[in-house]
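Novice: This is the content of target.tsv (TSV, C-alpha atoms):
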chain	number	residue	atom	x	y	z
T	1	MET	CA	15.21	2.33	29.48
T	2	ARG	CA	14.44	-1.39	29.45
T	3	ARG	CA	14.38	-2.88	25.97
T	4	LYS	CA	10.88	-3.87	24.83
T	5	GLU	CA	10.59	-7.65	24.70
T	6	ILE	CA	9.88	-9.20	21.29
T	7	ALA	CA	8.02	-12.50	21.37
T	8	LEU	CA	6.21	-13.21	18.13
T	9	ASN	CA	5.21	-16.42	16.41
T	10	ILE	CA	4.47	-15.58	12.79
T	11	GLN	CA	4.35	-18.56	10.47
T	12	PRO	CA	6.16	-18.41	7.10
T	13	ILE	CA	4.16	-17.41	4.05
T	14	LYS	CA	4.17	-20.18	1.42
T	15	PRO	CA	5.05	-19.03	-2.10
T	16	SER	CA	2.68	-19.51	-5.00
T	17	ALA	CA	3.74	-20.59	-8.48
T	18	LEU	CA	3.93	-17.20	-10.17
T	19	ASP	CA	6.49	-16.11	-12.75
T	20	LEU	CA	7.56	-12.62	-13.75
T	21	ASP	CA	9.80	-14.06	-16.44
T	22	GLU	CA	12.46	-16.75	-16.70
T	23	GLU	CA	15.20	-14.52	-15.30
T	24	HIS	CA	13.11	-13.00	-12.51
T	25	PRO	CA	10.90	-15.65	-10.91
T	26	VAL	CA	8.48	-14.32	-8.32
T	27	SER	CA	6.37	-15.78	-5.54
T	28	SER	CA	3.65	-14.62	-3.17
T	29	TYR	CA	6.21	-12.91	-0.92
T	30	ASP	CA	7.98	-10.95	-3.68
T	31	THR	CA	7.59	-7.24	-4.28
T	32	PRO	CA	4.89	-6.68	-6.94
T	33	LEU	CA	6.63	-5.73	-10.20
T	34	ARG	CA	5.39	-5.15	-13.73
T	35	GLN	CA	6.53	-7.27	-16.67
T	36	ASP	CA	8.53	-4.35	-18.05
T	37	ALA	CA	10.18	-3.44	-14.72
T	38	PHE	CA	13.71	-3.79	-16.06
T	39	VAL	CA	13.34	-2.44	-19.59
T	40	LEU	CA	14.55	1.08	-18.78
T	41	SER	CA	18.13	1.75	-17.72
T	42	ASP	CA	18.80	3.46	-14.40
T	43	GLU	CA	19.61	6.72	-16.19
T	44	GLU	CA	16.36	6.57	-18.17
T	45	LYS	CA	14.43	6.01	-14.94
T	46	ILE	CA	16.21	8.96	-13.32
T	47	GLU	CA	15.29	11.24	-16.23
T	48	ARG	CA	11.63	10.23	-16.09
T	49	ILE	CA	11.34	10.57	-12.32
T	50	GLU	CA	13.10	13.94	-12.43
T	51	LYS	CA	10.54	15.21	-14.93
T	52	HIS	CA	7.55	13.94	-12.96
T	53	PHE	CA	8.85	15.10	-9.59
T	54	ARG	CA	9.42	18.54	-11.06
T	55	GLU	CA	5.72	18.58	-11.98
T	56	ILE	CA	4.76	17.54	-8.46
T	57	MET	CA	6.79	20.38	-6.98
T	58	LEU	CA	5.31	22.89	-9.43
T	59	THR	CA	1.81	21.65	-8.65
T	60	LEU	CA	2.50	22.24	-4.96
T	61	GLY	CA	3.35	25.83	-5.85
T	62	LEU	CA	7.09	25.70	-5.23
T	63	ASP	CA	9.43	28.08	-7.08
T	64	LEU	CA	11.98	25.90	-8.86
T	65	ALA	CA	14.00	28.97	-9.83
T	66	ASP	CA	15.07	29.21	-6.19
T	67	ASP	CA	18.68	28.10	-5.63
T	68	SER	CA	17.64	25.69	-2.86
T	69	LEU	CA	14.95	23.97	-4.94
T	70	LYS	CA	16.09	23.93	-8.55
T	71	GLY	CA	18.22	20.81	-8.15
T	72	THR	CA	15.72	18.90	-6.03
T	73	PRO	CA	13.93	16.95	-8.81
T	74	ARG	CA	17.24	15.50	-10.01
T	75	ARG	CA	18.42	14.76	-6.47
T	76	VAL	CA	15.18	12.97	-5.61
T	77	ALA	CA	15.27	10.95	-8.84
T	78	LYS	CA	18.85	9.81	-8.23
T	79	MET	CA	18.05	8.97	-4.60
T	80	PHE	CA	15.06	6.85	-5.62
T	81	VAL	CA	16.90	4.85	-8.28
T	82	GLN	CA	20.43	4.60	-6.88
T	83	GLU	CA	19.74	4.48	-3.15
T	84	ALA	CA	16.28	4.26	-1.58
T	85	PHE	CA	14.83	1.78	-4.11
T	86	SER	CA	17.99	0.19	-5.50
T	87	GLY	CA	16.84	-3.16	-4.10
T	88	LEU	CA	14.19	-3.39	-6.82
T	89	ASN	CA	16.92	-4.17	-9.36
T	90	PRO	CA	18.06	-7.81	-9.18
T	91	ALA	CA	21.43	-6.70	-10.57
T	92	ASN	CA	22.09	-5.25	-7.10
T	93	ARG	CA	21.45	-8.55	-5.29
T	94	PRO	CA	24.46	-9.31	-3.06
T	95	ASN	CA	26.79	-12.08	-4.17
T	96	ALA	CA	27.16	-14.58	-1.36
T	97	ARG	CA	30.39	-16.51	-0.98
T	98	LEU	CA	30.04	-19.50	1.29
T	99	PHE	CA	32.79	-21.10	3.34
T	100	GLU	CA	33.14	-24.58	4.75
T	101	ASN	CA	32.16	-24.83	8.41
T	102	LYS	CA	35.58	-26.22	9.25
T	103	TYR	CA	35.25	-25.35	12.91
T	104	GLY	CA	32.34	-27.74	13.35
T	105	TYR	CA	30.21	-24.98	14.85
T	106	ASP	CA	26.76	-26.51	15.35
T	107	GLN	CA	25.01	-23.83	17.43
T	108	MET	CA	22.94	-20.91	16.19
T	109	LEU	CA	24.80	-17.95	14.77
T	110	VAL	CA	23.12	-14.65	15.58
T	111	GLU	CA	23.63	-11.25	13.96
T	112	LYS	CA	21.57	-8.72	15.91
T	113	ASP	CA	20.84	-5.00	15.81
T	114	ILE	CA	21.27	-4.65	12.04
T	115	THR	CA	20.12	-1.12	11.22
T	116	PHE	CA	17.87	-0.86	8.18
T	117	TYR	CA	16.01	1.89	6.33
T	118	SER	CA	13.11	1.21	4.02
T	119	HIS	CA	10.02	3.00	2.69
T	120	CYS	CA	6.36	2.25	3.28
T	121	GLU	CA	4.78	1.36	-0.06
T	122	HIS	CA	1.49	2.98	0.97
T	123	HIS	CA	2.78	6.52	1.55
T	124	PHE	CA	6.46	6.36	0.46
T	125	VAL	CA	7.73	7.58	3.83
T	126	PRO	CA	10.52	5.91	5.82
T	127	ILE	CA	10.44	2.73	7.84
T	128	PHE	CA	13.53	2.25	9.99
T	129	GLY	CA	14.62	-0.02	12.77
T	130	LYS	CA	16.65	-3.09	13.71
T	131	ALA	CA	16.78	-6.58	12.24
T	132	HIS	CA	17.97	-9.64	14.15
T	133	VAL	CA	18.95	-12.71	12.13
T	134	ALA	CA	20.07	-16.21	13.10
T	135	TYR	CA	20.72	-19.53	11.38
T	136	PHE	CA	22.09	-23.01	11.93
T	137	SER	CA	24.78	-24.04	9.46
T	138	SER	CA	24.07	-27.03	7.21
T	139	GLY	CA	27.79	-27.31	6.42
T	140	LYS	CA	28.45	-23.83	5.03
T	141	VAL	CA	28.80	-20.41	6.64
T	142	ILE	CA	28.62	-16.90	5.22
T	143	GLY	CA	30.62	-13.76	5.94
T	144	LEU	CA	28.85	-11.71	8.59
T	145	SER	CA	28.72	-8.55	6.46
T	146	LYS	CA	26.75	-10.45	3.80
T	147	ILE	CA	23.87	-10.93	6.24
T	148	ASN	CA	23.70	-7.16	6.65
T	149	ARG	CA	23.83	-6.71	2.88
T	150	PHE	CA	20.87	-9.03	2.31
T	151	VAL	CA	18.85	-7.09	4.89
T	152	GLN	CA	19.74	-3.81	3.15
T	153	TYR	CA	19.00	-5.21	-0.33
T	154	PHE	CA	15.41	-6.15	0.50
T	155	ALA	CA	14.88	-3.02	2.62
T	156	LYS	CA	15.81	-0.75	-0.28
T	157	ARG	CA	12.47	-0.96	-2.04
T	158	PRO	CA	8.88	0.08	-1.29
T	159	GLN	CA	7.87	-2.36	1.43
T	160	VAL	CA	5.48	-3.60	4.03
T	161	GLN	CA	7.31	-4.95	7.05
T	162	GLU	CA	5.69	-8.37	6.91
T	163	ARG	CA	6.90	-8.98	3.36
T	164	LEU	CA	10.37	-7.62	4.12
T	165	THR	CA	10.75	-10.04	7.02
T	166	VAL	CA	9.74	-13.06	4.94
T	167	GLN	CA	11.93	-12.02	1.99
T	168	ILE	CA	15.03	-11.89	4.20
T	169	GLY	CA	14.22	-15.25	5.79
T	170	LYS	CA	13.55	-16.99	2.47
T	171	GLU	CA	16.67	-15.54	0.87
T	172	LEU	CA	18.90	-16.74	3.71
T	173	GLU	CA	17.38	-20.20	3.50
T	174	ARG	CA	18.19	-20.26	-0.21
T	175	VAL	CA	21.69	-18.80	0.00
T	176	LEU	CA	22.80	-20.84	3.00
T	177	ASN	CA	20.99	-23.99	1.89
T	178	THR	CA	19.58	-24.40	5.38
T	179	PRO	CA	16.00	-24.80	6.60
T	180	ASP	CA	16.91	-23.26	9.97
T	181	VAL	CA	16.56	-19.47	9.87
T	182	ALA	CA	15.11	-16.82	12.19
T	183	VAL	CA	14.44	-13.16	11.47
T	184	VAL	CA	12.93	-10.63	13.88
T	185	MET	CA	12.39	-7.00	12.91
T	186	ASP	CA	11.47	-4.08	15.17
T	187	ALA	CA	10.67	-0.88	13.29
T	188	ASN	CA	9.31	2.65	13.39
T	189	HIS	CA	6.90	3.67	10.61
T	190	LEU	CA	6.73	7.34	9.74
T	191	CYS	CA	3.37	6.75	8.06
T	192	VAL	CA	2.15	6.27	11.64
T	193	ALA	CA	4.47	8.76	13.38
T	194	SER	CA	4.37	11.74	11.01
T	195	ARG	CA	0.84	11.54	9.58
T	196	GLY	CA	-2.52	9.93	10.36
T	197	VAL	CA	-2.67	9.18	14.08
T	198	VAL	CA	0.76	10.84	14.60
T	199	ASP	CA	1.87	8.27	17.17
T	200	THR	CA	5.62	8.64	17.70
T	201	ASN	CA	5.93	5.96	20.39
T	202	SER	CA	4.57	2.80	18.78
T	203	LYS	CA	6.79	0.25	17.04
T	204	THR	CA	5.98	-2.73	14.84
T	205	GLY	CA	7.44	-6.19	15.35
T	206	THR	CA	7.49	-9.04	12.83
T	207	ALA	CA	9.15	-12.44	12.83
T	208	TYR	CA	10.00	-15.36	10.56
T	209	PHE	CA	10.93	-18.76	12.03
T	210	SER	CA	11.76	-21.89	10.08
T	211	GLY	CA	13.14	-25.34	10.84
T	212	LYS	CA	14.70	-25.66	14.29
T	213	PHE	CA	13.56	-22.16	15.23
T	214	LYS	CA	9.97	-23.40	15.41
T	215	GLU	CA	11.00	-25.46	18.44
T	216	GLU	CA	10.04	-23.49	21.55
T	217	ASN	CA	13.38	-23.96	23.35
T	218	ILE	CA	15.41	-22.84	20.32
T	219	LYS	CA	13.08	-19.92	19.63
T	220	ARG	CA	13.26	-18.86	23.27
T	221	GLU	CA	17.06	-19.01	23.25
T	222	PHE	CA	17.16	-16.76	20.18
T	223	LEU	CA	14.63	-14.26	21.57
T	224	ASN	CA	16.40	-14.16	24.93
T	225	TYR	CA	19.68	-13.42	23.19
T	226	ILE	CA	18.39	-10.53	21.09
T	227	ASN	CA	16.59	-9.03	24.09
T	228	THR	CA	19.79	-9.08	26.17
T	229	LYS	CA	21.93	-5.97	26.10
Go ahead and render the structure in this file as structure tokens.
Specialist:
Amino acid sequence: MRRKEIALNIQPIKPSALDLDEEHPVSSYDTPLRQDAFVLSDEEKIERIEKHFREIMLTLGLDLADDSLKGTPRRVAKMFVQEAFSGLNPANRPNARLFENKYGYDQMLVEKDITFYSHCEHHFVPIFGKAHVAYFSSGKVIGLSKINRFVQYFAKRPQVQERLTVQIGKELERVLNTPDVAVVMDANHLCVASRGVVDTNSKTGTAYFSGKFKEENIKREFLNYINTK
């Protein structure tokens, strides 16, 4: 099957001057968080979620004495805190070690087909797909696996795809100290596929282009590359 072409031109969202607190500055593209978001420890959060999810299951009429179900509230709570939504905690932000661009590489570097899993913040069901990232070095380069880790970090929280795309782009600009970043994301949303209109074929594409990637020839080169098998 021929790969669906992605050709988007979404302009970056400009941050506003908002502050969560001194240690956790936020902007218009950050995930909405309460002031007390980091007061509870992970274990305290797990205990609370376990209790509330148990009530949800009981309300649905499920028998929690059943061997298959009795451990589910705890499993769900641990999954939420330690896996699916671990990107909410800034303590889990990847540490990026930069290296000198000693090779004098001055072309775009592209990391494509990065698999990601996230959750729609409207219905808390999965979003999954591929991310394609590129940048021009401003004198420093980053280990390739770190690019994947930044994608995963921002994906592991309740999201909308537009915000996720911008968060990855802005973070790479900051970490790499470069104004030249591109991010394209192509994803399936189970809030569309498994409920509502129940459309299992549609996908959603979003893009973030900054610096050189706003130039049509550079953008076209990037899009041609990620659409080539």
Novice: Quick one: distance from CA of Val133 (chain T) to CA of Ser194 (chain T) in Å, one decimal?
Specialist: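 Atom-to-atom, CA of Val133 (chain T) and CA of Ser194 (chain T) are spaced 28.5 Å apart.
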Novice: Tell me, as an MDAnalysis selection string, which residues lie within 6 Å of region 68-85 of chain T, counting all atoms listed in the file; anything in the same chain fewer than 3 positions away does not count.
Specialist: chainID T and resid 46 49:50 53:54 64:65 88 156:157
Novice: Measure the distance from CA of Lys140 (chain T) to CA of Gln161 (chain T) in Å and round it to one decimal.
Specialist: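 Between these atoms lies a distance of 28.4 Å.
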Novice: I need every residue sitting at most 10 Å from the point (3.8, 6.2, 0.4) (coordinates as in the file, only C-alpha atoms considered), written as a PyMOL selection string.
Specialist: chain T and resi 119-126+158-159+190-191
Novice: Quick one: of T:Tyr208, T:Phe222, T:Tyr153, T:Tyr135, who's nearest to Val181 (chain T), counting all atoms listed in the file?
Specialist: T:Tyr135
Novice: Between T:Lys112, T:Lys214, T:Lys203, T:Lys130, which one has atoms that come closest to Ile226 (chain T), using all atoms listed in the file?
Specialist: T:Lys112
Novice: Would you list the contacts of Val192 (chain T) as a PyMOL selection string, taking every protein, DNA or RNA residue within 10 Å and counting all atoms listed in the file, but skipping same-chain residues closer than 3 positions in sequence?
Specialist: chain T and resi 125+127+188-189+195-203
Novice: Need the neighbours of (15.8, -9.2, 13.3): which residues are at most 9 Å away, counting all atoms listed in the file, as a PyMOL selection string?
Specialist: chain T and resi 111-114+130-134+165+182-186+206-208+226
Novice: Measuring between all atoms listed in the file, which one of T:Asp66, T:Glu55, T:Asp42, T:Asp106 shows the shortest distance to Ser86 (chain T)?
Specialist: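 Result for the nearest residue to Ser86 (chain T): T:Asp42.
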Novice: Find, counting all atoms listed in the file, the residue in T:Val160, T:Thr115, T:Ile142, T:Ile147 that gets nearest to Pro32 (chain T).
Specialist: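 Of all the options, T:Val160 lies closest to Pro32 (chain T).
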Novice: Could you work out how far CA of Phe150 (chain T) lies from CA of Leu164 (chain T), giving the answer in Å with one decimal?
Specialist: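 Between CA of Leu164 (chain T) and CA of Phe150 (chain T) the gap works out to 10.7 Å.
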Novice: From the options T:Asn89, T:Glu162, T:Asp63, T:Thr178, which residue's atoms come nearest to Val39 (chain T), counting only C-alpha atoms?
Specialist: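 Counting only C-alpha atoms, the residue closest to Val39 (chain T) is T:Asn89.
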